[in-house]
Amino acid sequence: MNEPMLLPKAALNDLIAILRDDGYKVLGPVARDGGVAFDEVRTIADLPIGMRDAQEAGRYRLEQGVDGEIFGVVNGAGSLKPFFFAPEEKLLEVRRERRGFTVCEVTPESPRLAFLGVRACDLAALAIQDRIFLHDRFRDSHYEARRKDVLLIAVNCTRSAPTCFCVSMKTGPEATTGFDLSMTELEESFVVRSGSPAGEALAARLNLDAAPSREVETARARIDQCASGMQRRLNTADLPRLLYQEAENPRWKDVASRCLSCTNCTMVCPTCFCHTVVDQQEIDGNMSRRVRQWDSCFSMEHAHIHGINFRPAIHDRYRQWLTHKLASWIDQVGTSGCVGGGRCITWCPVGIDLTEEVAAIRANPGKR
């Protein structure tokens with residue numbers, strides 16, 4: 001990262017205008033339906049200025065925050081995931097011809113997207129998705145098409161939601177990699193750093209001055225305060241071994257008695273990538289589409305193979321999800337599948353908290 005620069009808050013409009021002039025569709029946190037979601041941003045007036053989010057297990061609302069604060073809302077239900085790994089997309093089309101069939105691969109659109117206000121945990125999640133879809137044995141052409149021409153502007157967290165635990169997962173609250181520009185919000189300005197040649201060029205076009213040491217120190221103190229004040233923690237010490245050894249711990253059935261198996265946690269998770277492929281036929285039989293759709297290991301059909309279901313009970317499915325997320329992902333891709341954003345806690349209808357479940361298993365090992 002280059003030396004810190006100072007961006008006056010009013011100049012954020014200039015940044016947005018430059019990106020739009022360059023042909024980017026700028027997406028940022030926009031208040032919508034009682035939460036925030038990444039949506040088109042034309043000026044800073046589209047951002048949730050002066051608002052904050054109140055989050056707890058099974059609870060979310062927007063409320064009045066600090067006047068003039070632009071990025072006071074930590075996150076909403078939506079992450080970057082659906083913009084690259086689409087919830088539903090056509091993979092190919094098969095058409096009946098007079099003689100035989102024609103098979104055509106569907107190429108997805110790849111608009112130029114610039115994301116404004118991306119949090120460190122979501123950058124970490126995107127790196128995991130990249131590892132799965134781009135850097136594994138096979139590259140996913142649909143993901144690659146959407147991912148290739150993207151600009152990422154991160155906002156370092158200076159406050160955390162009560163459901164956040166990114167410090168435990170070493171993914172935040174400061175963005176350290178994977179961004180083009182990062183910003184830390186102060187009262188009247190942002191301390192800005194570039195993290196790529198594209199970010200450096202963008203900063204140069206804004207004619208930013210070097211950030212005074214006082215502002216740099218204030219930004220550093222606010223990030224550190226956010227980290228030290230985080231309310232939830234997850235003890236990750238020897239976690240894979242613990243979960244593998246405790247496959248029969250009674251806590252799994254305890255949590256299953258509360259779990260609705262609704263799939264909310266996997267839908268809002270920025271790293272979950274389970275999907276299914278279905279064929280959709282036209283009624284006249286002349287066209288068939290092969291479609292990829294998001295799926296979840298919490299759905300009953302996910303484990304139904306050749307007439308049997310090898311995860312018939314909810315405790316089987318919750319155990320599979322948590323063990324995969326916190327243990328076997330490490331075996332598969334070299335990192336945990338959890339980035340500590342806490343969405344699965346906030347958006348669980350019954351408020352199940354994975355940090356609490358792991359702590360309970362750790363406190364009572366070896367029980368059957």
# chains A, B, ... in the order shown; residues from 1 in each chain; ligands from 1
call {"tool": "closest_atom_pairs", "arguments": {"of": "segment 174-226 of chain A", "to": "segment 150-163 of chain A", "cutoff": "9 Å", "atoms": "only C-alpha atoms", "output": "CSV"}}
result
residue,atom,partner,partner_atom,distance
A:Glu174,CA,A:Asn156,CA,4.9
A:Ala175,CA,A:Asn156,CA,6.0
A:Gly178,CA,A:Leu152,CA,7.9
A:Phe179,CA,A:Leu152,CA,5.1
A:Asp180,CA,A:Leu152,CA,5.4
A:Leu181,CA,A:Ile153,CA,4.8
A:Ser182,CA,A:Ala154,CA,4.4
A:Met183,CA,A:Val155,CA,4.8
A:Thr184,CA,A:Asn156,CA,5.2
A:Glu185,CA,A:Val155,CA,7.6
A:Ala198,CA,A:Leu151,CA,8.0
A:Gly199,CA,A:Leu151,CA,8.2
A:Ala219,CA,A:Thr158,CA,8.2
A:Ala221,CA,A:Thr158,CA,8.8
A:Arg222,CA,A:Thr158,CA,5.2
A:Ile223,CA,A:Thr158,CA,4.9
A:Asp224,CA,A:Thr158,CA,8.0
A:Gln225,CA,A:Thr158,CA,7.3
A:Cys226,CA,A:Arg159,CA,5.0
call {"tool": "closest_atom_pairs", "arguments": {"of": "segment 104-209 of chain A", "to": "segment 355-368 of chain A", "cutoff": "12 Å", "atoms": "only C-alpha atoms", "output": "CSV"}}
result
residue,atom,partner,partner_atom,distance
A:Thr163,CA,A:Thr355,CA,9.6
A:Cys164,CA,A:Thr355,CA,10.4
A:Phe165,CA,A:Thr355,CA,8.7
A:Cys166,CA,A:Thr355,CA,11.7
A:Ser168,CA,A:Thr355,CA,10.2
A:Met169,CA,A:Thr355,CA,11.5
call {"tool": "write_last_selection", "arguments": {"atoms": "C-alpha atoms", "output": "short mmCIF file (atom, residue, chain, number, x, y, z; two decimals), in the first residue's frame"}}
result
data_model
loop_
_atom_site.label_atom_id
_atom_site.label_comp_id
_atom_site.auth_asym_id
_atom_site.auth_seq_id
_atom_site.Cartn_x
_atom_site.Cartn_y
_atom_site.Cartn_z
CA THR A 163 -22.64 -9.95 15.68
CA CYS A 164 -19.20 -9.29 14.12
CA PHE A 165 -16.21 -11.47 15.03
CA CYS A 166 -13.80 -10.75 12.16
CA SER A 168 -11.12 -13.91 15.56
CA MET A 169 -10.95 -14.93 11.89
#
call {"tool": "residues_around", "arguments": {"residues": "segment 78-86 of chain A", "least_positions_apart": "5", "cutoff": "7 Å", "atoms": "only C-alpha atoms", "output": "count of residues only"}}
result
7
call {"tool": "atom_distance", "arguments": {"atom1": "atom CA of Cys262 of chain A", "atom2": "atom CA of Arg311 of chain A"}}
result
15.1 Å
call {"tool": "decode", "arguments": {"residues": "segment 116-165 of chain A", "atoms": "N, CA and C atoms", "output": "compact mmCIF listing (two decimals), in the first residue's frame"}}
result
# COMPACT_ATOMS: atom_id res chain seq x y z
N LEU A 116 -18.22 0.44 -3.98
CA LEU A 116 -17.82 1.47 -3.03
C LEU A 116 -18.32 1.09 -1.64
N GLY A 117 -17.40 1.02 -0.67
CA GLY A 117 -17.82 0.71 0.70
C GLY A 117 -17.76 -0.75 1.06
N VAL A 118 -16.82 -1.49 0.45
CA VAL A 118 -16.69 -2.92 0.73
C VAL A 118 -15.92 -3.10 2.04
N ARG A 119 -16.45 -3.95 2.91
CA ARG A 119 -15.79 -4.21 4.20
C ARG A 119 -14.72 -5.28 4.08
N ALA A 120 -13.81 -5.27 5.03
CA ALA A 120 -12.67 -6.20 4.99
C ALA A 120 -13.12 -7.66 4.98
N CYS A 121 -14.16 -7.98 5.73
CA CYS A 121 -14.61 -9.38 5.77
C CYS A 121 -15.15 -9.82 4.42
N ASP A 122 -15.80 -8.90 3.69
CA ASP A 122 -16.31 -9.26 2.37
C ASP A 122 -15.19 -9.37 1.34
N LEU A 123 -14.13 -8.60 1.49
CA LEU A 123 -12.95 -8.80 0.64
C LEU A 123 -12.33 -10.17 0.88
N ALA A 124 -12.26 -10.57 2.15
CA ALA A 124 -11.72 -11.89 2.49
C ALA A 124 -12.61 -12.98 1.90
N ALA A 125 -13.92 -12.77 1.95
CA ALA A 125 -14.85 -13.75 1.39
C ALA A 125 -14.70 -13.84 -0.12
N LEU A 126 -14.50 -12.70 -0.77
CA LEU A 126 -14.32 -12.71 -2.22
C LEU A 126 -13.04 -13.46 -2.60
N ALA A 127 -12.00 -13.32 -1.79
CA ALA A 127 -10.76 -14.06 -2.06
C ALA A 127 -11.00 -15.56 -1.97
N ILE A 128 -11.86 -15.98 -1.05
CA ILE A 128 -12.19 -17.41 -0.94
C ILE A 128 -12.98 -17.86 -2.17
N GLN A 129 -13.95 -17.06 -2.60
CA GLN A 129 -14.70 -17.40 -3.81
C GLN A 129 -13.76 -17.47 -5.02
N ASP A 130 -12.81 -16.54 -5.10
CA ASP A 130 -11.84 -16.59 -6.19
C ASP A 130 -11.05 -17.90 -6.16
N ARG A 131 -10.67 -18.31 -4.95
CA ARG A 131 -9.91 -19.56 -4.80
C ARG A 131 -10.72 -20.74 -5.33
N ILE A 132 -12.03 -20.73 -5.09
CA ILE A 132 -12.89 -21.84 -5.48
C ILE A 132 -13.18 -21.82 -6.98
N PHE A 133 -13.55 -20.66 -7.49
CA PHE A 133 -14.04 -20.58 -8.86
C PHE A 133 -12.96 -20.25 -9.90
N LEU A 134 -11.85 -19.68 -9.48
CA LEU A 134 -10.82 -19.27 -10.43
C LEU A 134 -9.50 -20.00 -10.29
N HIS A 135 -9.13 -20.37 -9.06
CA HIS A 135 -7.78 -20.87 -8.82
C HIS A 135 -7.75 -22.34 -8.42
N ASP A 136 -8.85 -23.03 -8.63
CA ASP A 136 -8.87 -24.47 -8.37
C ASP A 136 -8.53 -25.20 -9.67
N ARG A 137 -8.78 -26.47 -9.69
CA ARG A 137 -8.40 -27.28 -10.86
C ARG A 137 -9.12 -26.80 -12.12
N PHE A 138 -10.39 -26.41 -11.97
CA PHE A 138 -11.17 -25.94 -13.10
C PHE A 138 -11.62 -24.49 -12.84
N ARG A 139 -11.53 -23.67 -13.87
CA ARG A 139 -11.99 -22.29 -13.76
C ARG A 139 -13.45 -22.21 -14.19
N ASP A 140 -14.23 -21.45 -13.45
CA ASP A 140 -15.64 -21.27 -13.79
C ASP A 140 -15.75 -20.06 -14.72
N SER A 141 -16.12 -20.30 -15.96
CA SER A 141 -16.11 -19.23 -16.97
C SER A 141 -17.13 -18.14 -16.66
N HIS A 142 -18.25 -18.49 -16.05
CA HIS A 142 -19.27 -17.50 -15.73
C HIS A 142 -18.79 -16.58 -14.62
N TYR A 143 -18.22 -17.16 -13.58
CA TYR A 143 -17.66 -16.35 -12.50
C TYR A 143 -16.53 -15.48 -13.03
N GLU A 144 -15.68 -16.06 -13.86
CA GLU A 144 -14.53 -15.33 -14.39
C GLU A 144 -14.98 -14.13 -15.21
N ALA A 145 -16.03 -14.29 -16.01
CA ALA A 145 -16.50 -13.19 -16.85
C ALA A 145 -16.99 -12.02 -16.01
N ARG A 146 -17.65 -12.31 -14.91
CA ARG A 146 -18.18 -11.24 -14.06
C ARG A 146 -17.10 -10.62 -13.18
N ARG A 147 -16.09 -11.37 -12.89
CA ARG A 147 -15.07 -10.94 -11.91
C ARG A 147 -13.95 -10.13 -12.55
N LYS A 148 -13.76 -10.23 -13.86
CA LYS A 148 -12.51 -9.78 -14.47
C LYS A 148 -12.34 -8.26 -14.49
N ASP A 149 -13.41 -7.50 -14.56
CA ASP A 149 -13.27 -6.06 -14.76
C ASP A 149 -13.96 -5.31 -13.62
N VAL A 150 -13.50 -5.56 -12.40
CA VAL A 150 -14.14 -5.03 -11.20
C VAL A 150 -13.15 -4.17 -10.44
N LEU A 151 -13.64 -3.05 -9.91
CA LEU A 151 -12.83 -2.18 -9.07
C LEU A 151 -13.43 -2.16 -7.67
N LEU A 152 -12.57 -2.32 -6.67
CA LEU A 152 -13.03 -2.49 -5.29
C LEU A 152 -12.49 -1.37 -4.41
N ILE A 153 -13.40 -0.61 -3.82
CA ILE A 153 -13.03 0.47 -2.90
C ILE A 153 -13.52 0.07 -1.52
N ALA A 154 -12.57 -0.22 -0.64
CA ALA A 154 -12.90 -0.72 0.70
C ALA A 154 -13.09 0.44 1.67
N VAL A 155 -13.88 0.18 2.70
CA VAL A 155 -14.02 1.10 3.83
C VAL A 155 -13.64 0.32 5.08
N ASN A 156 -12.61 0.78 5.77
CA ASN A 156 -12.21 0.13 7.02
C ASN A 156 -13.26 0.39 8.09
N CYS A 157 -13.51 -0.61 8.91
CA CYS A 157 -14.53 -0.48 9.95
C CYS A 157 -13.98 0.30 11.14
N THR A 158 -14.72 1.30 11.54
CA THR A 158 -14.39 2.04 12.76
C THR A 158 -15.43 1.77 13.84
N ARG A 159 -16.41 0.96 13.53
CA ARG A 159 -17.34 0.41 14.51
C ARG A 159 -17.74 -0.97 14.03
N SER A 160 -18.10 -1.83 14.97
CA SER A 160 -18.53 -3.18 14.61
C SER A 160 -19.96 -3.39 15.06
N ALA A 161 -20.64 -4.28 14.37
CA ALA A 161 -21.95 -4.72 14.84
C ALA A 161 -21.75 -5.74 15.95
N PRO A 162 -22.72 -5.88 16.86
CA PRO A 162 -22.57 -6.87 17.94
C PRO A 162 -22.38 -8.30 17.45
N THR A 163 -22.78 -8.59 16.20
CA THR A 163 -22.64 -9.95 15.68
C THR A 163 -21.31 -10.18 14.96
N CYS A 164 -20.49 -9.14 14.81
CA CYS A 164 -19.20 -9.29 14.12
C CYS A 164 -18.19 -10.04 14.98
N PHE A 165 -17.35 -10.85 14.33
CA PHE A 165 -16.21 -11.47 15.03
C PHE A 165 -15.04 -11.65 14.06
